[in-house]
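Colleague: Contents of my_file-v8.csv (CSV, C-alpha atoms):
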chain,number,residue,atom,x,y,z
A,298,MET,CA,11.2,-3.4,-14.2
A,299,GLU,CA,10.3,-6.2,-11.9
A,300,ARG,CA,7.0,-8.0,-12.4
A,301,VAL,CA,4.7,-9.8,-10.0
A,302,PRO,CA,3.9,-13.3,-11.2
A,303,VAL,CA,0.2,-14.4,-11.6
A,304,LEU,CA,-0.3,-18.2,-11.0
A,305,LYS,CA,-3.4,-20.1,-12.1
A,306,ILE,CA,-4.5,-22.8,-9.7
A,307,GLY,CA,-7.7,-24.5,-10.8
A,308,ASP,CA,-10.4,-21.8,-11.1
A,309,ILE,CA,-8.3,-19.2,-9.1
A,310,LEU,CA,-5.6,-16.8,-10.0
A,311,LEU,CA,-3.1,-16.4,-7.2
A,312,VAL,CA,-0.8,-13.4,-6.7
A,313,SER,CA,1.8,-13.3,-4.0
A,314,ILE,CA,3.4,-9.9,-3.7
A,315,GLN,CA,7.0,-10.6,-2.5
A,316,ILE,CA,8.7,-7.3,-3.4
A,317,ASP,CA,8.5,-3.7,-2.4
A,318,MET,CA,6.6,-2.5,-5.5
A,319,GLU,CA,7.4,0.6,-7.4
A,320,ASP,CA,4.2,2.3,-8.4
A,321,GLN,CA,4.6,1.2,-12.1
A,322,VAL,CA,4.9,-2.4,-10.9
A,323,ALA,CA,1.6,-2.2,-9.1
A,324,LEU,CA,-0.1,-0.7,-12.2
A,325,GLN,CA,1.4,-3.4,-14.4
A,326,LEU,CA,0.0,-6.1,-12.0
A,327,GLN,CA,-3.4,-4.5,-12.4
A,328,GLU,CA,-3.2,-4.8,-16.2
A,329,ASP,CA,-1.7,-8.3,-16.1
A,330,LEU,CA,-4.5,-9.6,-13.8
A,331,ALA,CA,-7.3,-8.2,-15.9
A,332,GLU,CA,-5.8,-9.9,-19.0
A,333,ARG,CA,-5.3,-13.2,-17.2
A,334,ILE,CA,-8.9,-13.2,-15.9
A,335,VAL,CA,-10.2,-12.8,-19.4
A,336,ALA,CA,-7.7,-15.3,-20.9
A,337,THR,CA,-8.4,-18.0,-18.3
A,338,GLY,CA,-12.0,-17.4,-17.4
A,339,CYS,CA,-11.1,-17.7,-13.7
A,340,HIS,CA,-13.8,-16.6,-11.3
A,341,GLY,CA,-11.5,-15.9,-8.3
A,342,VAL,CA,-8.4,-13.9,-7.5
A,343,ILE,CA,-6.4,-14.2,-4.4
A,344,ILE,CA,-3.8,-11.5,-3.6
A,345,ASP,CA,-1.4,-12.5,-0.8
A,346,ILE,CA,0.1,-9.4,0.9
A,347,SER,CA,1.7,-11.2,3.9
A,348,ALA,CA,5.2,-10.2,2.7
A,349,LEU,CA,4.3,-6.5,2.5
A,350,ASP,CA,5.5,-4.5,5.5
A,351,ILE,CA,3.5,-1.5,4.4
A,352,VAL,CA,0.4,-0.7,2.2
A,353,ASP,CA,0.3,3.0,1.4
A,354,SER,CA,-2.6,4.8,-0.3
A,355,PHE,CA,-1.2,4.0,-3.7
A,356,VAL,CA,-1.1,0.3,-3.2
A,357,GLY,CA,-4.4,0.4,-1.3
A,358,ARG,CA,-6.0,2.2,-4.2
A,359,THR,CA,-4.5,-0.3,-6.7
A,360,LEU,CA,-6.0,-3.2,-4.7
A,361,ALA,CA,-9.4,-1.6,-4.7
A,362,THR,CA,-9.2,-1.0,-8.5
A,363,ILE,CA,-8.1,-4.6,-9.1
A,364,ALA,CA,-11.2,-5.8,-7.0
A,365,SER,CA,-13.5,-3.5,-9.0
A,366,VAL,CA,-12.1,-4.5,-12.4
A,367,SER,CA,-12.2,-8.2,-11.5
A,368,ARG,CA,-15.9,-7.9,-10.5
A,369,VAL,CA,-16.7,-6.3,-13.9
A,370,LEU,CA,-15.0,-9.3,-15.4
A,371,ASP,CA,-17.0,-11.8,-13.3
A,372,ALA,CA,-14.3,-12.6,-10.8
A,373,GLU,CA,-14.2,-12.0,-7.1
A,374,THR,CA,-11.0,-10.8,-5.4
A,375,VAL,CA,-9.9,-11.6,-1.9
A,376,VAL,CA,-6.9,-9.9,-0.3
A,377,VAL,CA,-5.2,-12.2,2.2
A,378,GLY,CA,-2.5,-12.1,4.8
A,379,MET,CA,-2.5,-8.5,5.9
A,380,ARG,CA,-0.2,-8.0,8.8
A,381,PRO,CA,-1.7,-6.5,12.0
A,382,ALA,CA,0.6,-3.4,11.9
A,383,VAL,CA,-0.4,-2.8,8.3
A,384,ALA,CA,-4.1,-3.0,9.2
A,385,ILE,CA,-3.7,-0.5,12.0
A,386,THR,CA,-1.7,1.9,9.8
A,387,LEU,CA,-4.2,1.6,6.9
A,388,VAL,CA,-7.1,2.5,9.1
A,389,GLU,CA,-5.3,5.5,10.7
A,390,LEU,CA,-4.3,6.6,7.2
A,391,GLY,CA,-8.0,6.8,6.4
A,392,LEU,CA,-8.1,3.9,4.0
A,393,SER,CA,-10.4,1.1,5.2
A,394,LEU,CA,-10.5,-0.6,1.7
A,395,PRO,CA,-14.3,-0.6,1.2
A,396,GLY,CA,-15.4,-3.1,-1.3
A,397,ILE,CA,-12.4,-5.4,-0.8
A,398,ARG,CA,-13.0,-8.8,0.7
A,399,THR,CA,-10.3,-9.9,3.0
A,400,ALA,CA,-9.3,-13.2,4.7
A,401,LEU,CA,-6.5,-14.1,7.1
A,402,ASN,CA,-4.7,-16.5,4.9
A,403,VAL,CA,-4.7,-18.1,1.4
A,404,GLU,CA,-6.6,-21.2,2.7
A,405,LEU,CA,-9.5,-19.1,4.1
A,406,GLY,CA,-9.4,-17.0,1.0
A,407,ILE,CA,-10.0,-20.0,-1.2
A,408,GLU,CA,-12.9,-21.1,1.1
A,409,MET,CA,-14.4,-17.6,0.8
A,410,LEU,CA,-14.3,-17.6,-3.0
A,411,ALA,CA,-15.9,-21.1,-3.1
A,412,ARG,CA,-18.7,-19.9,-0.9
A,413,ALA,CA,-19.2,-16.7,-2.9
A,414,ARG,CA,-19.3,-18.7,-6.1
A,415,GLN,CA,-21.9,-21.1,-4.7
A,416,GLU,CA,-24.1,-18.3,-3.4
A,417,SER,CA,-24.2,-16.5,-6.7
A,418,ASN,CA,-24.9,-19.7,-8.6
A,419,PRO,CA,-26.8,-22.1,-6.3
A,420,ASP,CA,-27.2,-24.9,-8.8
A,421,LEU,CA,-23.5,-24.8,-9.9
A,422,ASP,CA,-22.3,-27.2,-7.2
A,423,ASP,CA,-25.1,-29.8,-7.9
A,424,ASP,CA,-24.5,-29.7,-11.6
A,425,GLU,CA,-20.8,-30.3,-11.1
A,426,ASP,CA,-21.5,-33.3,-8.8
A,427,GLU,CA,-23.8,-34.8,-11.4
A,428,ALA,CA,-21.2,-34.2,-14.1
A,429,ASP,CA,-18.6,-35.9,-11.9
A,430,ALA,CA,-20.8,-38.8,-11.2
A,431,ALA,CA,-21.6,-39.3,-14.9
A,432,ALA,CA,-17.9,-39.1,-15.7
A,433,VAL,CA,-17.0,-41.8,-13.1
A,434,SER,CA,-19.8,-44.2,-14.2
A,435,THR,CA,-18.9,-43.9,-17.8
A,436,PRO,CA,-16.8,-47.0,-18.6
B,104,MET,CA,19.6,16.9,17.7
B,105,SER,CA,22.3,14.4,17.2
B,106,GLY,CA,23.2,11.3,15.2
B,107,GLU,CA,23.8,10.5,11.6
B,108,SER,CA,21.6,11.8,8.7
B,109,GLN,CA,21.2,10.4,5.2
B,110,ARG,CA,20.2,12.2,2.1
B,111,LEU,CA,18.4,10.7,-0.9
B,112,PRO,CA,17.3,12.3,-4.1
B,113,VAL,CA,13.6,11.8,-5.2
B,114,SER,CA,13.2,11.9,-8.9
B,115,THR,CA,11.9,8.4,-9.9
B,116,ASP,CA,9.5,5.7,-8.6
B,117,GLN,CA,12.5,3.7,-7.6
B,118,ASP,CA,13.7,6.6,-5.4
B,119,VAL,CA,10.4,6.4,-3.4
B,120,VAL,CA,11.2,2.7,-2.8
B,121,ARG,CA,14.7,3.6,-1.6
B,122,VAL,CA,13.2,6.2,0.8
B,123,ARG,CA,10.9,3.6,2.3
B,124,GLN,CA,13.8,1.2,2.7
B,125,LEU,CA,16.1,3.8,4.4
B,126,VAL,CA,13.4,4.9,6.8
B,127,ARG,CA,12.7,1.3,7.6
B,128,THR,CA,16.3,0.6,8.4
B,129,LEU,CA,16.8,3.6,10.6
B,130,SER,CA,13.4,3.0,12.4
B,131,VAL,CA,14.6,-0.5,13.3
B,132,ALA,CA,18.0,1.0,14.5
B,133,VAL,CA,16.3,3.4,17.0
B,134,LYS,CA,14.0,0.6,18.1
B,135,LEU,CA,10.7,2.1,17.1
B,136,SER,CA,7.9,-0.4,17.8
B,137,LEU,CA,6.7,-2.5,14.9
B,138,VAL,CA,3.5,-0.5,14.5
B,139,ASP,CA,5.4,2.8,14.7
B,140,GLN,CA,7.9,1.6,12.1
B,141,THR,CA,5.0,0.7,9.9
B,142,LYS,CA,3.3,4.1,10.4
B,143,LEU,CA,6.5,6.1,9.8
B,144,VAL,CA,7.4,4.1,6.6
B,145,THR,CA,3.9,4.5,5.3
B,146,ALA,CA,3.9,8.3,6.0
B,147,ALA,CA,7.4,8.5,4.3
B,148,SER,CA,6.0,6.7,1.3
B,149,GLU,CA,3.1,9.1,0.9
B,150,LEU,CA,5.2,12.2,1.4
B,151,ALA,CA,8.1,11.0,-0.9
B,152,ARG,CA,5.5,10.3,-3.6
B,153,ASN,CA,4.1,13.8,-3.1
B,154,THR,CA,7.6,15.3,-3.5
B,155,LEU,CA,7.9,13.3,-6.8
B,156,VAL,CA,4.4,13.8,-8.2
B,157,TYR,CA,3.4,17.3,-7.0
B,158,GLY,CA,6.8,18.8,-6.3
B,159,GLY,CA,8.4,17.6,-9.5
B,160,GLY,CA,11.1,15.8,-7.5
B,161,GLY,CA,13.4,16.9,-4.7
B,162,GLU,CA,15.2,15.3,-1.8
B,163,VAL,CA,14.7,13.6,1.4
B,164,VAL,CA,16.9,13.7,4.5
B,165,VAL,CA,16.4,11.1,7.2
B,166,ALA,CA,18.1,11.6,10.6
B,167,ARG,CA,18.2,10.0,14.0
B,168,VAL,CA,17.2,12.5,16.7
B,169,GLN,CA,17.4,12.5,20.4
B,170,ASN,CA,15.9,14.7,23.1
B,171,GLU,CA,16.3,14.4,26.9
B,172,ARG,CA,14.1,11.4,27.2
B,173,ARG,CA,13.7,9.6,23.9
B,174,ALA,CA,15.2,8.7,20.5
B,175,GLY,CA,13.3,9.2,17.3
B,176,ILE,CA,13.5,9.7,13.5
B,177,ARG,CA,13.1,13.0,11.7
B,178,ILE,CA,12.5,13.1,8.0
B,179,VAL,CA,12.6,16.2,5.8
B,180,PHE,CA,11.0,16.2,2.4
B,181,ALA,CA,12.0,19.2,0.2
B,182,ASP,CA,11.0,20.2,-3.3
B,183,GLN,CA,11.3,23.4,-5.4
B,184,GLY,CA,7.9,22.8,-7.0
B,185,PRO,CA,4.8,25.0,-7.3
B,186,GLY,CA,4.1,25.0,-3.6
B,187,ILE,CA,0.7,24.7,-2.0
B,188,ALA,CA,-1.7,27.6,-2.4
B,189,ASP,CA,-4.4,26.6,0.0
B,190,LEU,CA,-2.8,24.6,2.8
B,191,GLU,CA,-5.9,24.0,4.8
B,192,LEU,CA,-7.6,22.6,1.8
B,193,ALA,CA,-4.6,20.4,0.9
B,194,LEU,CA,-4.7,18.9,4.4
B,195,THR,CA,-8.4,18.0,4.1
B,196,ASP,CA,-9.1,14.2,3.8
B,197,GLY,CA,-10.2,13.4,0.2
B,198,TYR,CA,-8.9,16.6,-1.4
B,199,THR,CA,-6.7,16.0,-4.4
B,200,THR,CA,-5.4,17.8,-7.5
B,201,GLY,CA,-3.6,14.8,-8.8
B,202,GLY,CA,-6.2,12.1,-9.2
B,203,GLY,CA,-5.2,10.2,-6.1
B,204,LEU,CA,-7.3,9.5,-3.0
B,205,GLY,CA,-6.4,12.8,-1.3
B,206,LEU,CA,-5.1,10.9,1.8
B,207,GLY,CA,-1.4,11.4,1.4
B,208,LEU,CA,-0.9,14.6,3.2
B,209,SER,CA,-3.7,14.4,5.7
B,210,GLY,CA,-3.1,10.7,6.4
B,211,ALA,CA,0.7,11.1,6.8
B,212,ARG,CA,0.1,13.8,9.4
B,213,ARG,CA,-2.0,11.4,11.4
B,214,LEU,CA,0.7,8.7,11.3
B,215,VAL,CA,3.5,10.8,12.9
B,216,ASP,CA,4.1,12.6,16.2
B,217,GLU,CA,5.2,16.0,14.8
B,218,PHE,CA,4.3,17.4,11.4
B,219,GLU,CA,5.5,20.8,10.1
B,220,ILE,CA,4.9,22.2,6.6
B,221,ASP,CA,6.6,25.2,5.0
B,222,THR,CA,5.3,26.1,1.6
B,223,GLU,CA,4.8,29.2,-0.6
B,224,PRO,CA,3.3,29.3,-4.0
B,225,GLY,CA,6.1,29.3,-6.6
B,226,LYS,CA,8.8,28.5,-4.0
B,227,GLY,CA,8.4,24.9,-3.2
B,228,THR,CA,7.4,22.8,-0.2
B,229,THR,CA,9.3,21.5,2.8
B,230,ILE,CA,7.7,19.0,5.1
B,231,THR,CA,9.3,17.8,8.4
B,232,VAL,CA,7.9,14.9,10.3
B,233,THR,CA,9.2,13.2,13.5
B,234,LYS,CA,8.3,10.0,15.2
B,235,TRP,CA,9.5,9.3,18.8
B,236,CYS,CA,10.0,6.0,20.5
B,237,ARG,CA,7.4,5.3,23.1
Let's see the structure in the file written out as structure tokens.
Modeller:
Amino acid sequence: MERVPVLKIGDILLVSIQIDMEDQVALQLQEDLAERIVATGCHGVIIDISALDIVDSFVGRTLATIASVSRVLDAETVVVGMRPAVAITLVELGLSLPGIRTALNVELGIEMLARARQESNPDLDDDEDEADAAAVSTP
Amino acid sequence: MSGESQRLPVSTDQDVVRVRQLVRTLSVAVKLSLVDQTKLVTAASELARNTLVYGGGGEVVVARVQNERRAGIRIVFADQGPGIADLELALTDGYTTGGGLGLGLSGARRLVDEFEIDTEPGKGTTITVTKWCR
């Protein structure tokens, strides 16, 4: 069975789905991501679906489950890169993906995660700056 | 009705992927618009999965069709499974017996131009959908 790779970039796990997934592959991705979130302590997940030419109700439900599981594990999920025809079809199918954050591309997804993290922990950014400053000034 | 038709068995997850790919290829060949291709492939994915999960497997026939004015794609999903006892209920958004979202049948119907269903408890289910070029 094929497997979708999960890449760690800084505080973010990045998944780019490049294959037409069998249902089992989608379920495996759901498990792999949950394990990687716990193993790495990452607070953000970005799932790039720009290569997918359809999202049916099974994949839609899997994305929603991934977002819910991530949230329970203290990570936010952003789905990025949905094609316009896929968006139209999903809505007509009756699946508007409630509870899933979306962004147009990976870059905007990263910004969205950074903002979400800062809003939930307002002092985090300041602390990090001080820590950085301290690190720089230490000879 | 004219043109070639292709038959695929549906007995594994991998077969559902093959159905999607075949429908995509033929949709491109008859020049369905990109949105219509996406809708038809998505509907085919839902219905092929139903054939597998609820019908216990079966087969799919994809054919190119032509009427006086337009070309299109017709897909038949057939299984010898338990059939659908309450069709009206099965076509309701959100109703499911299988733990899914209950959008497969009702959603697929919205994504195609023509939708026919022939089912009888104990005798299996045959669903025929058609999408025409605009």
Colleague: Env of Ile178 (chain B): 8 Å cut, atoms = all atoms listed in the file, seq-sep filter 6 positions within chain, self excluded. Answer as a PDB file with C-alpha atoms, in the coordinates of the input.
Modeller:
ATOM      1  CA  ALA B 147       7.400   8.500   4.300  1.00  0.00           C
ATOM      2  CA  VAL B 163      14.700  13.600   1.400  1.00  0.00           C
ATOM      3  CA  VAL B 164      16.900  13.700   4.500  1.00  0.00           C
ATOM      4  CA  VAL B 165      16.400  11.100   7.200  1.00  0.00           C
ATOM      5  CA  ALA B 166      18.100  11.600  10.600  1.00  0.00           C
ATOM      6  CA  THR B 231       9.300  17.800   8.400  1.00  0.00           C
ATOM      7  CA  VAL B 232       7.900  14.900  10.300  1.00  0.00           C
ATOM      8  CA  THR B 233       9.200  13.200  13.500  1.00  0.00           C
TER       9      THR B 233
END
Colleague: Please, what distance in Å, to one decimal, runs between CA of Leu304 (chain A) and CA of Val383 (chain A)?
Modeller: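 Separating CA of Leu304 (chain A) from CA of Val383 (chain A) is a distance of 24.7 Å.
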Colleague: Counting all atoms listed in the file, which of B:Leu155, B:Gly161, B:Phe218, B:Gln140 gets nearest to Arg110 (chain B)?
Modeller: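 Distance minimum relative to Arg110 (chain B) lands on B:Gly161.
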Colleague: Check every residue of chain A for an atom within 10 Å of chain B, counting all atoms listed in the file, and provide those that qualify as JSON, numbers by chain.
Modeller: {"A": [298, 317, 318, 319, 320, 321, 322, 350, 351, 352, 353, 354, 355, 357, 358, 381, 382, 383, 384, 385, 386, 387, 388, 389, 390, 391, 392]}
Colleague: Please write as a list of chain:residue names the list of polymer residues whose atoms come within 7 Å of (8.3, 19.9, -6.1), counting all atoms listed in the file and keeping to the coordinates of the file.
Modeller: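 I get B:Thr154, B:Leu155, B:Tyr157, B:Gly158, B:Gly159, B:Gly160, B:Gly161, B:Asp182, B:Gln183, B:Gly184, B:Pro185, B:Gly227, B:Thr228 for the residues within 7 Å of that point.
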Colleague: Do you know which residues are at most 12 Å from region 171-174 of chain B counting only C-alpha atoms, after dropping those on the same chain fewer than 4 positions away, and could you put them as a list in words?
Modeller: Met104, Ser105, Gly106, Leu129, Ser130, Val131, Ala132, Val133, Lys134, Leu135, Ser136, Ala166, Arg167, Thr233, Lys234, Trp235, Cys236 and Arg237 of chain B
Colleague: One number please: CA of Ile344 (chain A) to CA of Ala411 (chain A), in Å, one decimal.
Modeller: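 Distance between the two atoms: 15.5 Å.
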Colleague: Find the distance between CA of Glu162 (chain B) and CA of Pro112 (chain B) and write it in Å to one decimal.
Modeller: 4.3 Å
